[in-house]
Structures are given as structure tokens and as C-alpha cells.
>>> print(open('run-v8.pdb').read())   # PDB, C-alpha atoms
ATOM      1  CA  MET A 102      24.956 -13.015   7.652
ATOM      2  CA  ALA A 103      27.304 -15.399   9.444
ATOM      3  CA  SER A 104      27.612 -15.185  13.197
ATOM      4  CA  SER A 105      31.341 -14.522  12.906
ATOM      5  CA  GLU A 106      30.698 -11.289  11.048
ATOM      6  CA  ALA A 107      30.815  -7.954  12.810
ATOM      7  CA  VAL A 108      27.610  -6.138  13.692
ATOM      8  CA  PRO A 109      26.650  -4.096  10.619
ATOM      9  CA  THR A 110      26.217  -0.363  10.797
ATOM     10  CA  TRP A 111      22.795   1.164  10.355
ATOM     11  CA  GLU A 112      23.869   2.579   7.009
ATOM     12  CA  GLN A 113      24.823  -0.906   5.842
ATOM     13  CA  VAL A 114      21.458  -2.292   6.931
ATOM     14  CA  ALA A 115      19.581   0.506   5.169
ATOM     15  CA  SER A 116      21.714   0.129   2.096
ATOM     16  CA  ASP A 117      21.573  -3.669   1.911
ATOM     17  CA  TYR A 118      18.021  -4.264   3.117
ATOM     18  CA  GLY A 119      16.113  -0.991   2.644
ATOM     19  CA  ARG A 120      14.712  -2.003  -0.716
ATOM     20  CA  THR A 121      13.701  -5.483   0.483
ATOM     21  CA  ILE A 122      12.099  -4.110   3.641
ATOM     22  CA  TYR A 123      10.135  -1.625   1.536
ATOM     23  CA  ASN A 124       8.945  -4.370  -0.807
ATOM     24  CA  PHE A 125       7.932  -6.565   2.110
ATOM     25  CA  ALA A 126       6.005  -3.612   3.559
ATOM     26  CA  TYR A 127       4.465  -2.772   0.210
ATOM     27  CA  ARG A 128       3.173  -6.300  -0.392
ATOM     28  CA  LEU A 129       1.796  -6.527   3.146
ATOM     29  CA  THR A 130       0.082  -3.159   3.175
ATOM     30  CA  GLY A 131      -0.790  -2.796  -0.510
ATOM     31  CA  ASN A 132       0.006   0.892  -0.780
ATOM     32  CA  ARG A 133       3.125   2.977  -1.116
ATOM     33  CA  ASP A 134       2.490   5.534   1.607
ATOM     34  CA  ASP A 135       1.960   2.897   4.284
ATOM     35  CA  ALA A 136       4.911   0.903   2.985
ATOM     36  CA  SER A 137       7.119   3.952   3.128
ATOM     37  CA  ASP A 138       6.049   4.807   6.689
ATOM     38  CA  LEU A 139       6.509   1.213   7.771
ATOM     39  CA  ALA A 140       9.941   0.823   6.182
ATOM     40  CA  GLN A 141      11.037   4.066   7.806
ATOM     41  CA  GLU A 142       9.805   2.865  11.190
ATOM     42  CA  VAL A 143      11.711  -0.409  10.716
ATOM     43  CA  LEU A 144      14.940   1.417   9.907
ATOM     44  CA  LEU A 145      14.505   3.613  12.985
ATOM     45  CA  ARG A 146      13.977   0.538  15.150
ATOM     46  CA  VAL A 147      17.026  -1.098  13.598
ATOM     47  CA  ARG A 148      19.096   1.988  14.366
ATOM     48  CA  ARG A 149      17.916   1.964  17.984
ATOM     49  CA  GLY A 150      18.309  -1.791  18.324
ATOM     50  CA  LEU A 151      21.720  -2.278  16.742
ATOM     51  CA  ALA A 152      23.530  -1.248  19.931
ATOM     52  CA  GLY A 153      21.987  -4.218  21.710
ATOM     53  CA  TYR A 154      22.334  -6.669  18.828
ATOM     54  CA  ARG A 155      24.800  -9.509  19.284
ATOM     55  CA  PRO A 156      25.996 -11.380  16.195
ATOM     56  CA  GLY A 157      23.765 -14.350  15.578
ATOM     57  CA  SER A 158      20.910 -14.814  13.150
ATOM     58  CA  PHE A 159      20.858 -11.331  11.673
ATOM     59  CA  GLU A 160      18.078 -12.137   9.200
ATOM     60  CA  GLY A 161      15.895 -13.491  11.983
ATOM     61  CA  TRP A 162      16.562 -10.389  14.091
ATOM     62  CA  LEU A 163      15.929  -7.955  11.259
ATOM     63  CA  TRP A 164      12.745  -9.594  10.029
ATOM     64  CA  ARG A 165      11.421  -9.950  13.563
ATOM     65  CA  ILE A 166      11.771  -6.179  13.929
ATOM     66  CA  THR A 167      10.137  -5.671  10.538
ATOM     67  CA  ARG A 168       7.269  -7.984  11.265
ATOM     68  CA  ASN A 169       6.664  -6.527  14.734
ATOM     69  CA  ALA A 170       6.621  -3.018  13.292
ATOM     70  CA  PHE A 171       4.000  -4.175  10.791
ATOM     71  CA  LEU A 172       1.851  -5.777  13.507
ATOM     72  CA  ASP A 173       2.088  -2.657  15.677
ATOM     73  CA  ASP A 174       1.010  -0.599  12.692
ATOM     74  CA  VAL A 175      -1.921  -2.898  12.007
ATOM     75  CA  ARG A 176      -3.033  -2.699  15.625
ATOM     76  CA  LYS A 177      -2.749   1.054  15.543
ATOM     77  CA  LYS A 178      -4.816   1.437  12.421
ATOM     78  CA  GLN A 179      -7.288  -1.312  13.291
ATOM     79  CA  ARG A 180      -6.572  -2.815   9.892
ATOM     80  CA  ARG A 181      -7.674  -0.796   6.892
ATOM     81  CA  PRO A 182     -10.414  -2.264   4.677
ATOM     82  CA  THR A 183      -9.025  -4.349   1.843
ATOM     83  CA  ALA A 184     -11.439  -2.860  -0.686
ATOM     84  CA  GLU A 185      -9.045  -0.002  -1.359
ATOM     85  CA  LEU A 186      -7.496  -0.130  -4.799
ATOM     86  CA  PRO A 187      -3.892  -1.300  -4.778
ATOM     87  CA  ASP A 188      -1.440   1.232  -6.193
ATOM     88  CA  GLU A 189      -0.990  -0.688  -9.415
ATOM     89  CA  ASP A 190      -4.649  -0.140 -10.238
ATOM     90  CA  ARG A 191      -4.243   3.584  -9.796
ATOM     91  CA  SER A 192      -1.123   3.661 -11.911
ATOM     92  CA  THR A 193      -2.942   1.743 -14.633
ATOM     93  CA  ILE A 194      -5.641   4.354 -14.675
ATOM     94  CA  ALA A 195      -3.232   7.262 -14.486
ATOM     95  CA  THR A 196      -0.695   6.204 -17.100
ATOM     96  CA  ALA A 197      -0.880   6.658 -20.850
ATOM     97  CA  PRO A 198      -2.011   3.682 -22.942
ATOM     98  CA  ALA A 199       0.577   0.923 -22.889
ATOM     99  CA  PRO A 200       0.929  -2.216 -25.004
ATOM    100  CA  GLU A 201      -1.777  -4.742 -24.234
ATOM    101  CA  GLU A 202       0.537  -7.289 -22.658
ATOM    102  CA  VAL A 203       1.928  -4.679 -20.267
ATOM    103  CA  LEU A 204      -1.592  -3.764 -19.208
ATOM    104  CA  ALA A 205      -2.499  -7.411 -18.735
ATOM    105  CA  GLU A 206       0.585  -7.931 -16.591
ATOM    106  CA  THR A 207      -0.179  -4.860 -14.500
ATOM    107  CA  ARG A 208      -3.753  -6.010 -14.038
ATOM    108  CA  LEU A 209      -2.590  -9.460 -12.956
ATOM    109  CA  SER A 210      -0.179  -7.942 -10.434
ATOM    110  CA  ALA A 211      -3.026  -5.860  -9.048
ATOM    111  CA  GLU A 212      -5.194  -8.980  -8.795
ATOM    112  CA  VAL A 213      -2.477 -10.890  -6.976
ATOM    113  CA  GLN A 214      -1.929  -7.956  -4.623
ATOM    114  CA  ALA A 215      -5.646  -7.674  -3.910
ATOM    115  CA  ALA A 216      -5.873 -11.425  -3.286
ATOM    116  CA  LEU A 217      -2.865 -11.176  -0.981
ATOM    117  CA  LEU A 218      -4.553  -8.445   1.040
ATOM    118  CA  SER A 219      -7.582 -10.675   1.517
ATOM    119  CA  LEU A 220      -5.501 -13.285   3.383
ATOM    120  CA  PRO A 221      -5.404 -13.299   7.191
ATOM    121  CA  ILE A 222      -2.207 -11.623   8.387
ATOM    122  CA  GLU A 223      -0.397 -14.751   9.578
ATOM    123  CA  PHE A 224      -0.764 -16.384   6.149
ATOM    124  CA  ARG A 225      -0.019 -13.188   4.252
ATOM    125  CA  GLU A 226       3.223 -12.543   6.085
ATOM    126  CA  ALA A 227       4.290 -16.179   5.714
ATOM    127  CA  VAL A 228       3.870 -16.273   1.929
ATOM    128  CA  VAL A 229       5.379 -12.808   1.474
ATOM    129  CA  MET A 230       8.425 -13.710   3.568
ATOM    130  CA  CYS A 231       8.834 -16.939   1.619
ATOM    131  CA  ASP A 232       7.989 -15.981  -1.965
ATOM    132  CA  VAL A 233       8.623 -12.235  -2.107
ATOM    133  CA  VAL A 234      11.524 -11.807   0.333
ATOM    134  CA  GLY A 235      12.957 -15.295  -0.219
ATOM    135  CA  LEU A 236      13.566 -16.268   3.422
ATOM    136  CA  SER A 237      14.049 -19.903   4.426
ATOM    137  CA  TYR A 238      11.496 -21.603   6.678
ATOM    138  CA  GLN A 239      14.008 -21.416   9.550
ATOM    139  CA  GLU A 240      14.492 -17.670   9.068
ATOM    140  CA  ILE A 241      10.737 -17.122   8.954
ATOM    141  CA  ALA A 242      10.320 -19.190  12.128
ATOM    142  CA  GLU A 243      12.880 -16.982  13.890
ATOM    143  CA  ALA A 244      11.245 -13.797  12.631
ATOM    144  CA  VAL A 245       7.706 -14.818  13.538
ATOM    145  CA  GLU A 246       8.776 -16.731  16.674
ATOM    146  CA  VAL A 247       6.846 -19.911  15.902
ATOM    147  CA  PRO A 248       8.068 -23.478  15.220
ATOM    148  CA  VAL A 249       9.215 -24.347  11.676
ATOM    149  CA  GLY A 250       6.268 -26.757  11.387
ATOM    150  CA  THR A 251       3.879 -23.855  11.894
ATOM    151  CA  VAL A 252       5.673 -21.843   9.211
ATOM    152  CA  ARG A 253       5.366 -24.742   6.795
ATOM    153  CA  SER A 254       1.682 -25.063   7.487
ATOM    154  CA  ARG A 255       1.054 -21.310   7.110
ATOM    155  CA  ILE A 256       2.921 -21.098   3.822
ATOM    156  CA  HIS A 257       1.010 -24.010   2.369
ATOM    157  CA  ARG A 258      -2.344 -22.810   3.622
ATOM    158  CA  GLY A 259      -1.544 -19.264   2.522
ATOM    159  CA  ARG A 260      -0.779 -20.378  -1.017
ATOM    160  CA  LEU A 261      -3.999 -22.383  -1.213
ATOM    161  CA  LEU A 262      -5.998 -19.421   0.121
ATOM    162  CA  LEU A 263      -4.311 -17.193  -2.435
ATOM    163  CA  ARG A 264      -5.264 -19.605  -5.193
ATOM    164  CA  ASP A 265      -8.880 -19.601  -3.974
ATOM    165  CA  ALA A 266      -8.936 -15.808  -3.779
ATOM    166  CA  LEU A 267      -7.501 -15.503  -7.292
ATOM    167  CA  GLU A 268      -9.999 -17.942  -8.734
ATOM    168  CA  GLY A 269     -12.699 -15.561  -7.689
ATOM    169  CA  ARG A 270     -10.911 -12.606  -9.293
ATOM    170  CA  VAL A 271      -8.902 -13.593 -12.354
TER     171      VAL A 271
ATOM    172  CA  MET B  55      -2.344 -40.353   3.585
ATOM    173  CA  HIS B  56      -1.838 -37.246   1.481
ATOM    174  CA  LEU B  57       1.159 -34.960   1.612
ATOM    175  CA  GLY B  58      -0.637 -31.794   2.791
ATOM    176  CA  ASP B  59       1.726 -29.001   3.799
ATOM    177  CA  SER B  60       4.741 -31.150   2.916
ATOM    178  CA  LEU B  61       3.888 -30.208  -0.668
ATOM    179  CA  SER B  62       4.967 -26.607  -0.131
ATOM    180  CA  ALA B  63       8.066 -27.766   1.746
ATOM    181  CA  PHE B  64       8.759 -30.091  -1.193
ATOM    182  CA  LEU B  65       8.335 -27.227  -3.642
ATOM    183  CA  ASP B  66      10.657 -24.980  -1.604
ATOM    184  CA  GLY B  67      13.379 -27.583  -1.187
ATOM    185  CA  GLU B  68      12.730 -27.659   2.560
ATOM    186  CA  LEU B  69      12.428 -31.467   2.887
ATOM    187  CA  ASP B  70      15.386 -33.640   3.787
ATOM    188  CA  THR B  71      16.509 -36.276   1.299
ATOM    189  CA  GLY B  72      14.433 -39.120   2.753
ATOM    190  CA  ALA B  73      11.223 -37.112   2.993
ATOM    191  CA  ARG B  74      11.774 -35.741  -0.478
ATOM    192  CA  SER B  75      12.143 -39.192  -1.918
ATOM    193  CA  ASP B  76       8.971 -40.366  -0.107
ATOM    194  CA  ALA B  77       7.100 -37.352  -1.459
ATOM    195  CA  GLU B  78       8.236 -38.080  -5.005
ATOM    196  CA  SER B  79       7.027 -41.665  -4.738
ATOM    197  CA  HIS B  80       3.668 -40.550  -3.391
ATOM    198  CA  LEU B  81       3.245 -37.883  -6.072
ATOM    199  CA  ALA B  82       3.866 -40.444  -8.793
ATOM    200  CA  SER B  83       0.714 -42.295  -7.773
ATOM    201  CA  CYS B  84      -1.561 -39.572  -6.327
ATOM    202  CA  PRO B  85      -3.341 -37.203  -8.731
ATOM    203  CA  LEU B  86      -4.907 -35.317  -5.805
ATOM    204  CA  CYS B  87      -1.517 -34.361  -4.373
ATOM    205  CA  ARG B  88      -0.187 -33.561  -7.850
ATOM    206  CA  SER B  89      -3.077 -31.192  -8.371
ATOM    207  CA  GLU B  90      -2.500 -29.530  -4.980
ATOM    208  CA  LEU B  91       1.206 -29.185  -5.778
ATOM    209  CA  GLU B  92       0.268 -27.463  -9.024
ATOM    210  CA  ALA B  93      -1.974 -25.053  -7.117
ATOM    211  CA  VAL B  94       0.668 -24.013  -4.587
ATOM    212  CA  SER B  95       3.303 -23.821  -7.337
ATOM    213  CA  GLU B  96       1.115 -21.418  -9.265
ATOM    214  CA  SER B  97       0.534 -19.202  -6.210
ATOM    215  CA  SER B  98       4.227 -19.182  -5.448
ATOM    216  CA  ARG B  99       5.095 -18.367  -9.050
ATOM    217  CA  MET B 100       2.642 -15.451  -9.110
ATOM    218  CA  LEU B 101       4.043 -13.984  -5.894
ATOM    219  CA  LYS B 102       7.591 -14.344  -7.145
ATOM    220  CA  SER B 103       6.714 -12.606 -10.393
ATOM    221  CA  LEU B 104       5.245  -9.522  -8.695
ATOM    222  CA  PRO B 105       7.220  -6.470  -9.795
ATOM    223  CA  VAL B 106       9.749  -5.068  -7.354
ATOM    224  CA  ALA B 107       8.382  -1.809  -5.983
ATOM    225  CA  GLU B 108      10.842   1.085  -6.114
ATOM    226  CA  PRO B 109      11.241   2.677  -2.666
ATOM    227  CA  PRO B 110      11.309   6.449  -2.192
ATOM    228  CA  ALA B 111      14.868   7.789  -2.413
ATOM    229  CA  HIS B 112      15.078   8.812   1.244
ATOM    230  CA  LEU B 113      14.677   5.201   2.364
ATOM    231  CA  VAL B 114      17.761   4.092   0.538
ATOM    232  CA  ALA B 115      19.658   7.353   1.031
ATOM    233  CA  PRO B 116      22.575   5.590   2.727
ATOM    234  CA  SER B 117      23.048   3.508  -0.391
ATOM    235  CA  ASN B 118      22.986   6.665  -2.484
ATOM    236  CA  VAL B 119      25.728   8.108  -0.347
ATOM    237  CA  ARG B 120      27.720   4.934  -0.721
ATOM    238  CA  HIS B 121      27.109   5.046  -4.453
ATOM    239  CA  LEU B 122      28.461   8.579  -4.522
ATOM    240  CA  ARG B 123      31.642   7.806  -2.630
ATOM    241  CA  PRO B 124      33.859   7.197  -5.655
ATOM    242  CA  ARG B 125      32.596  10.458  -7.057
ATOM    243  CA  ARG B 126      33.346  12.231  -3.781
ATOM    244  CA  GLY B 127      36.919  11.001  -3.993
ATOM    245  CA  ARG B 128      37.241  12.572  -7.401
ATOM    246  CA  ILE B 129      35.689  15.803  -6.196
ATOM    247  CA  LEU B 130      38.199  16.000  -3.356
ATOM    248  CA  VAL B 131      41.115  15.654  -5.736
ATOM    249  CA  GLY B 132      39.293  17.740  -8.304
ATOM    250  CA  ALA B 133      40.760  21.096  -7.332
ATOM    251  CA  ALA B 134      44.281  19.778  -7.593
ATOM    252  CA  ALA B 135      43.479  17.864 -10.761
ATOM    253  CA  ALA B 136      41.897  20.841 -12.459
ATOM    254  CA  ALA B 137      45.260  22.294 -13.361
ATOM    255  CA  ALA B 138      46.386  18.975 -14.797
ATOM    256  CA  LEU B 139      43.256  18.750 -16.924
ATOM    257  CA  ILE B 140      43.669  22.292 -18.158
ATOM    258  CA  VAL B 141      47.127  21.510 -19.513
ATOM    259  CA  GLY B 142      45.772  18.398 -21.160
ATOM    260  CA  VAL B 143      47.278  15.775 -18.902
ATOM    261  CA  GLY B 144      45.144  12.641 -18.764
ATOM    262  CA  PHE B 145      43.571  11.641 -15.480
ATOM    263  CA  GLY B 146      43.100   8.080 -14.291
ATOM    264  CA  VAL B 147      39.405   7.455 -13.901
ATOM    265  CA  ASN B 148      38.131   4.062 -12.801
ATOM    266  CA  ALA B 149      36.927   2.066 -15.761
ATOM    267  CA  ASP B 150      34.130   0.514 -13.670
ATOM    268  CA  ARG B 151      32.457   3.855 -13.086
ATOM    269  CA  ALA B 152      28.715   3.451 -13.450
ATOM    270  CA  VAL B 153      27.812   7.079 -12.814
ATOM    271  CA  PRO B 154      27.369   9.020 -16.025
ATOM    272  CA  LEU B 155      28.666  12.234 -14.467
ATOM    273  CA  GLN B 156      32.230  12.607 -15.733
ATOM    274  CA  LEU B 157      35.192  13.753 -13.708
ATOM    275  CA  ASP B 158      35.906  16.600 -16.047
ATOM    276  CA  GLU B 159      32.305  17.807 -15.684
ATOM    277  CA  VAL B 160      32.621  17.791 -11.917
ATOM    278  CA  VAL B 161      35.926  19.611 -12.038
ATOM    279  CA  GLU B 162      34.579  22.072 -14.574
ATOM    280  CA  GLN B 163      31.555  22.830 -12.417
ATOM    281  CA  HIS B 164      33.722  23.103  -9.349
ATOM    282  CA  VAL B 165      36.211  25.450 -10.980
ATOM    283  CA  ALA B 166      33.420  27.554 -12.475
ATOM    284  CA  ARG B 167      31.688  27.845  -9.119
ATOM    285  CA  ALA B 168      34.885  28.503  -7.194
ATOM    286  CA  SER B 169      35.886  31.219  -9.626
ATOM    287  CA  VAL B 170      32.722  33.244  -9.012
ATOM    288  CA  ASP B 171      32.091  32.320  -5.400
ATOM    289  CA  PRO B 172      35.055  32.797  -3.066
ATOM    290  CA  GLY B 173      33.125  31.163  -0.202
ATOM    291  CA  PHE B 174      32.692  27.905  -2.120
ATOM    292  CA  ASN B 175      35.163  25.180  -1.318
ATOM    293  CA  VAL B 176      35.743  21.466  -1.480
ATOM    294  CA  LEU B 177      34.431  20.892   2.017
ATOM    295  CA  GLN B 178      31.060  22.278   1.018
ATOM    296  CA  VAL B 179      30.862  19.848  -1.857
ATOM    297  CA  GLN B 180      31.601  16.993   0.500
ATOM    298  CA  ALA B 181      28.939  18.188   2.928
ATOM    299  CA  VAL B 182      26.368  18.199   0.148
ATOM    300  CA  VAL B 183      27.280  14.668  -0.905
ATOM    301  CA  ASP B 184      27.199  13.439   2.680
ATOM    302  CA  ARG B 185      23.799  14.900   3.387
TER     303      ARG B 185
END
>>> encode(input="run-v8.pdb", output="C-alpha cells")
Amino acid sequence: MASSEAVPTWEQVASDYGRTIYNFAYRLTGNRDDASDLAQEVLLRVRRGLAGYRPGSFEGWLWRITRNAFLDDVRKKQRRPTAELPDEDRSTIATAPAPEEVLAETRLSAEVQAALLSLPIEFREAVVMCDVVGLSYQEIAEAVEVPVGTVRSRIHRGRLLLRDALEGRV
Amino acid sequence: MHLGDSLSAFLDGELDTGARSDAESHLASCPLCRSELEAVSESSRMLKSLPVAEPPAHLVAPSNVRHLRPRRGRILVGAAAAAALIVGVGFGVNADRAVPLQLDEVVEQHVARASVDPGFNVLQVQAVVDR
């Protein structure tokens, strides 16, 4: 969002970013209930914070709120064990038989999600912001409040860790 | 000297022209860096191909309301348009309508409800849509 644009309303933020925020939350937490709670908390914080927002880097502002809400949640819950089955595993078990390739795809998604959950938080959030949300390194740096060089390093390291984790699973 | 985390920046188009050109030259002669680039590319590709999770409706409720706005407009004119429809006069409906619910269905429902429920009015319909 360009700095010349007016401050968006909360409804616009929810409408334009709600789905992306939920997906970010879902990939970071690995389950739908937590993702839903987290996305809701983010939207509440956005609603409270919009009055004080001055046009600037909206993406950086929004994702900083999102990321801080996630970290607060993690601190509150003392980080849940990663052994819990991701939702996709449950849905695989619960659904009727599907074509083999669909099952294989679902299984792979579950493996990737499980591998993602095994990464330390700073690497997980970096790769999710980059590859799932599609933020630029600069936007991630603003959201996480670290230099761009640190973002670059975390993304690279995160991808290598993900590869290592997947090699042990796939 | 290997490329290290510049490989991900290279993959993501985050290097400036000079650095990109240096990286390309290095990659042409370094199998180790090529292999590492393949590894991070594969991780990135897998993350990008994860299915988009569908959020619960209440999280995107504002977008639902926005989606309903064109329909609300038709509901508001519906009472007045009902008579026109009854006498067979065509009604201009936007061709880009994506919602399967048709104007005449809305009007029909509205007229049917209004005819049996004197307390029902257009404002109530709007309140329901806005909720």
C-alpha cells in the first residue's frame, strides 16, 4: 500500500488480508483452532491500532502486529509440542477414499507442515512470510524488526533446515 | 568463497544486478553452490505449493458483507421493482453478478414474506445483510 493512500478501514483490512493472515497463522501454528484464534486476535489488534496508524509501510505495520500476536501466543502457551498431528493428517483419516494422487499430495502437505513446525520460530516465520505470504525481504525486516541481512540469512537457513527435516520424513 | 545465504536472495530476485551477475558466474563453476541452490529451491517450491487453508467465515465476514452489497442494493429497490416484475417489465441486472441468487428470487421471497408478515420490511432485510 503506497504511503499516499488513505488509512484503510478495519473492514478493508479484514476483507483484503483476513485470508492471508489466517494462512500465515495456520502455517505457523499447524492447526485450525489456533490459527483462527490468532487471526482473530490480529484483527482485533488492527482495529485498536488503526486509529494510531499513520500512512507508511502498511505491510510492515500489519505483519509486525501479526507476528507479535503470534509470539505473545507462543509465550502464553509455552509452545505446544510439535508431535501433534497437523490438521491435514486428520482430514486424510476422516475423509472418504480419494484418488491416490490426491492422497499423496495431502500426505506431502502434512509432511511439509510437520517439518515446518520442527523449525525454530525465527526461521519458521521467515520462510512462511517469504514463501507462503510472499513478502519481500524489506517487508519481512520491517515486520520482524531486524536488518535485511538477518532476514536473508534466516530465510536461507530456514529453507536448508526444512530440507533436512523433510529428508528425515519423506 | 561460496555464495551461502546469497543463494536464497538470488532465488528470490533480491540481489541487485551486479551481485546477481557475480552469483551467476560463481554458480557456473561451483557444483557445491548449485546443489545448495537446488535444495533451497525445492524447500521454497514445497512451501509455495502448500494448499491455501480456508478461514472460518466469521474471520472474513467483512468481505462477505462487501460481497453482498450489490445484492443489498437490489433488495432495497426490490419492493418497488416487484410491481414491475409482476407486469413482466424487464429489470436491469448487472451482467457481472457472481452470486447465483437471482433478483427475482429475492423479490419473490421478499414479497411472499411481506404479504404474510406485516412487521417485515426492507430495513430488516438490510439489517440481516449488515450483520
>>> residues_near_point(input="run-v8.pdb", point="(-7.1, -8.5, -7.8)", cutoff="8 Å", atoms="only C-alpha atoms", output="list in words")
Arg208, Leu209, Ser210, Ala211, Glu212, Val213, Gln214, Ala215, Ala216, Leu267, Arg270 and Val271 of chain A
>>> closest_atom_pairs(input="run-v8.pdb", of="chain A", to="chain B", cutoff="8 Å", atoms="all atoms listed in the file", output="JSON lines")
{"residue": "A:Glu112", "atom": "CA", "partner": "B:Pro116", "partner_atom": "CA", "distance": 5.4}
{"residue": "A:Gln113", "atom": "CA", "partner": "B:Pro116", "partner_atom": "CA", "distance": 7.5}
{"residue": "A:Ala115", "atom": "CA", "partner": "B:Val114", "partner_atom": "CA", "distance": 6.1}
{"residue": "A:Ser116", "atom": "CA", "partner": "B:Ser117", "partner_atom": "CA", "distance": 4.4}
{"residue": "A:Asp117", "atom": "CA", "partner": "B:Ser117", "partner_atom": "CA", "distance": 7.7}
{"residue": "A:Gly119", "atom": "CA", "partner": "B:Val114", "partner_atom": "CA", "distance": 5.7}
{"residue": "A:Arg120", "atom": "CA", "partner": "B:Pro109", "partner_atom": "CA", "distance": 6.1}
{"residue": "A:Tyr123", "atom": "CA", "partner": "B:Pro109", "partner_atom": "CA", "distance": 6.1}
{"residue": "A:Asn124", "atom": "CA", "partner": "B:Ala107", "partner_atom": "CA", "distance": 5.8}
{"residue": "A:Tyr127", "atom": "CA", "partner": "B:Ala107", "partner_atom": "CA", "distance": 7.4}
{"residue": "A:Ser137", "atom": "CA", "partner": "B:Pro110", "partner_atom": "CA", "distance": 7.2}
{"residue": "A:Ala140", "atom": "CA", "partner": "B:Leu113", "partner_atom": "CA", "distance": 7.5}
{"residue": "A:Gln141", "atom": "CA", "partner": "B:Leu113", "partner_atom": "CA", "distance": 6.6}
{"residue": "A:Ser210", "atom": "CA", "partner": "B:Leu104", "partner_atom": "CA", "distance": 5.9}
{"residue": "A:Val213", "atom": "CA", "partner": "B:Met100", "partner_atom": "CA", "distance": 7.2}
{"residue": "A:Val228", "atom": "CA", "partner": "B:Ser98", "partner_atom": "CA", "distance": 7.9}
{"residue": "A:Val229", "atom": "CA", "partner": "B:Leu101", "partner_atom": "CA", "distance": 7.6}
{"residue": "A:Asp232", "atom": "CA", "partner": "B:Lys102", "partner_atom": "CA", "distance": 5.4}
{"residue": "A:Val233", "atom": "CA", "partner": "B:Lys102", "partner_atom": "CA", "distance": 5.6}
{"residue": "A:Tyr238", "atom": "CA", "partner": "B:Glu68", "partner_atom": "CA", "distance": 7.4}
{"residue": "A:Arg253", "atom": "CA", "partner": "B:Asp59", "partner_atom": "CA", "distance": 6.4}
{"residue": "A:Ser254", "atom": "CA", "partner": "B:Asp59", "partner_atom": "CA", "distance": 5.4}
{"residue": "A:Ile256", "atom": "CA", "partner": "B:Ser62", "partner_atom": "CA", "distance": 7.1}
{"residue": "A:His257", "atom": "CA", "partner": "B:Asp59", "partner_atom": "CA", "distance": 5.2}
{"residue": "A:Arg258", "atom": "CA", "partner": "B:Asp59", "partner_atom": "CA", "distance": 7.4}
{"residue": "A:Arg260", "atom": "CA", "partner": "B:Val94", "partner_atom": "CA", "distance": 5.3}
{"residue": "A:Leu261", "atom": "CA", "partner": "B:Val94", "partner_atom": "CA", "distance": 6.0}
{"residue": "A:Leu263", "atom": "CA", "partner": "B:Ser97", "partner_atom": "CA", "distance": 6.5}
{"residue": "A:Arg264", "atom": "CA", "partner": "B:Ser97", "partner_atom": "CA", "distance": 5.9}
>>> write_last_selection(input="run-v8.pdb", atoms="C-alpha atoms", output="tab-separated table (two decimals), keeping the file's coordinate frame")
chain	number	residue	atom	x	y	z
A	112	GLU	CA	23.87	2.58	7.01
A	113	GLN	CA	24.82	-0.91	5.84
A	115	ALA	CA	19.58	0.51	5.17
A	116	SER	CA	21.71	0.13	2.10
A	117	ASP	CA	21.57	-3.67	1.91
A	119	GLY	CA	16.11	-0.99	2.64
A	120	ARG	CA	14.71	-2.00	-0.72
A	123	TYR	CA	10.14	-1.62	1.54
A	124	ASN	CA	8.94	-4.37	-0.81
A	127	TYR	CA	4.46	-2.77	0.21
A	137	SER	CA	7.12	3.95	3.13
A	140	ALA	CA	9.94	0.82	6.18
A	141	GLN	CA	11.04	4.07	7.81
A	210	SER	CA	-0.18	-7.94	-10.43
A	213	VAL	CA	-2.48	-10.89	-6.98
A	228	VAL	CA	3.87	-16.27	1.93
A	229	VAL	CA	5.38	-12.81	1.47
A	232	ASP	CA	7.99	-15.98	-1.96
A	233	VAL	CA	8.62	-12.24	-2.11
A	238	TYR	CA	11.50	-21.60	6.68
A	253	ARG	CA	5.37	-24.74	6.80
A	254	SER	CA	1.68	-25.06	7.49
A	256	ILE	CA	2.92	-21.10	3.82
A	257	HIS	CA	1.01	-24.01	2.37
A	258	ARG	CA	-2.34	-22.81	3.62
A	260	ARG	CA	-0.78	-20.38	-1.02
A	261	LEU	CA	-4.00	-22.38	-1.21
A	263	LEU	CA	-4.31	-17.19	-2.44
A	264	ARG	CA	-5.26	-19.60	-5.19
>>> atom_distance(input="run-v8.pdb", atom1="atom CA of A:Val114", atom2="atom CA of A:Leu144")
8.1 Å
>>> resolve_selection(input="run-v8.pdb", expression="the PyMOL selection byres ((chain A and resi 239) around 12)", output="list in words")
Ser158, Glu160, Gly161, Trp164, Ala227, Met230, Cys231, Gly235, Leu236, Ser237, Tyr238, Glu240, Ile241, Ala242, Glu243, Ala244, Val245, Glu246, Val247, Pro248, Val249, Gly250, Thr251, Val252 and Arg253 of chain A; Ala63 and Glu68 of chain B
>>> atom_distance(input="run-v8.pdb", atom1="atom CA of A:Arg128", atom2="atom CA of A:Phe171")
11.4 Å
>>> atom_distance(input="run-v8.pdb", atom1="atom CA of B:Leu86", atom2="atom CA of A:Asp265")
16.3 Å
>>> residues_around(input="run-v8.pdb", residues="B:Ser75", least_positions_apart="6", cutoff="10 Å", atoms="all atoms listed in the file", output="number ranges by chain")
B: 64, 69, 81
>>> build_atoms(input="run-v8.pdb", residues="stretch 95-104 of chain B", atoms="N, CA and C atoms", output="CSV table (one decimal), in the coordinates of the input")
chain,number,residue,atom,x,y,z
B,95,SER,N,2.2,-24.3,-6.4
B,95,SER,CA,3.3,-23.8,-7.3
B,95,SER,C,2.9,-22.6,-8.1
B,96,GLU,N,1.6,-22.6,-8.5
B,96,GLU,CA,1.1,-21.4,-9.3
B,96,GLU,C,1.1,-20.2,-8.4
B,97,SER,N,0.6,-20.3,-7.1
B,97,SER,CA,0.5,-19.2,-6.2
B,97,SER,C,1.9,-18.7,-6.0
B,98,SER,N,2.8,-19.6,-5.7
B,98,SER,CA,4.2,-19.2,-5.4
B,98,SER,C,4.8,-18.4,-6.7
B,99,ARG,N,4.6,-19.0,-7.8
B,99,ARG,CA,5.1,-18.4,-9.0
B,99,ARG,C,4.5,-16.9,-9.2
B,100,MET,N,3.3,-16.8,-9.0
B,100,MET,CA,2.6,-15.5,-9.1
B,100,MET,C,3.2,-14.4,-8.1
B,101,LEU,N,3.5,-14.9,-6.9
B,101,LEU,CA,4.0,-14.0,-5.9
B,101,LEU,C,5.5,-13.6,-6.3
B,102,LYS,N,6.2,-14.6,-6.8
B,102,LYS,CA,7.6,-14.3,-7.1
B,102,LYS,C,7.7,-13.4,-8.4
B,103,SER,N,6.6,-13.4,-9.2
B,103,SER,CA,6.7,-12.6,-10.4
B,103,SER,C,6.1,-11.2,-10.2
B,104,LEU,N,5.7,-10.9,-9.0
B,104,LEU,CA,5.2,-9.5,-8.7
B,104,LEU,C,6.4,-8.5,-8.9
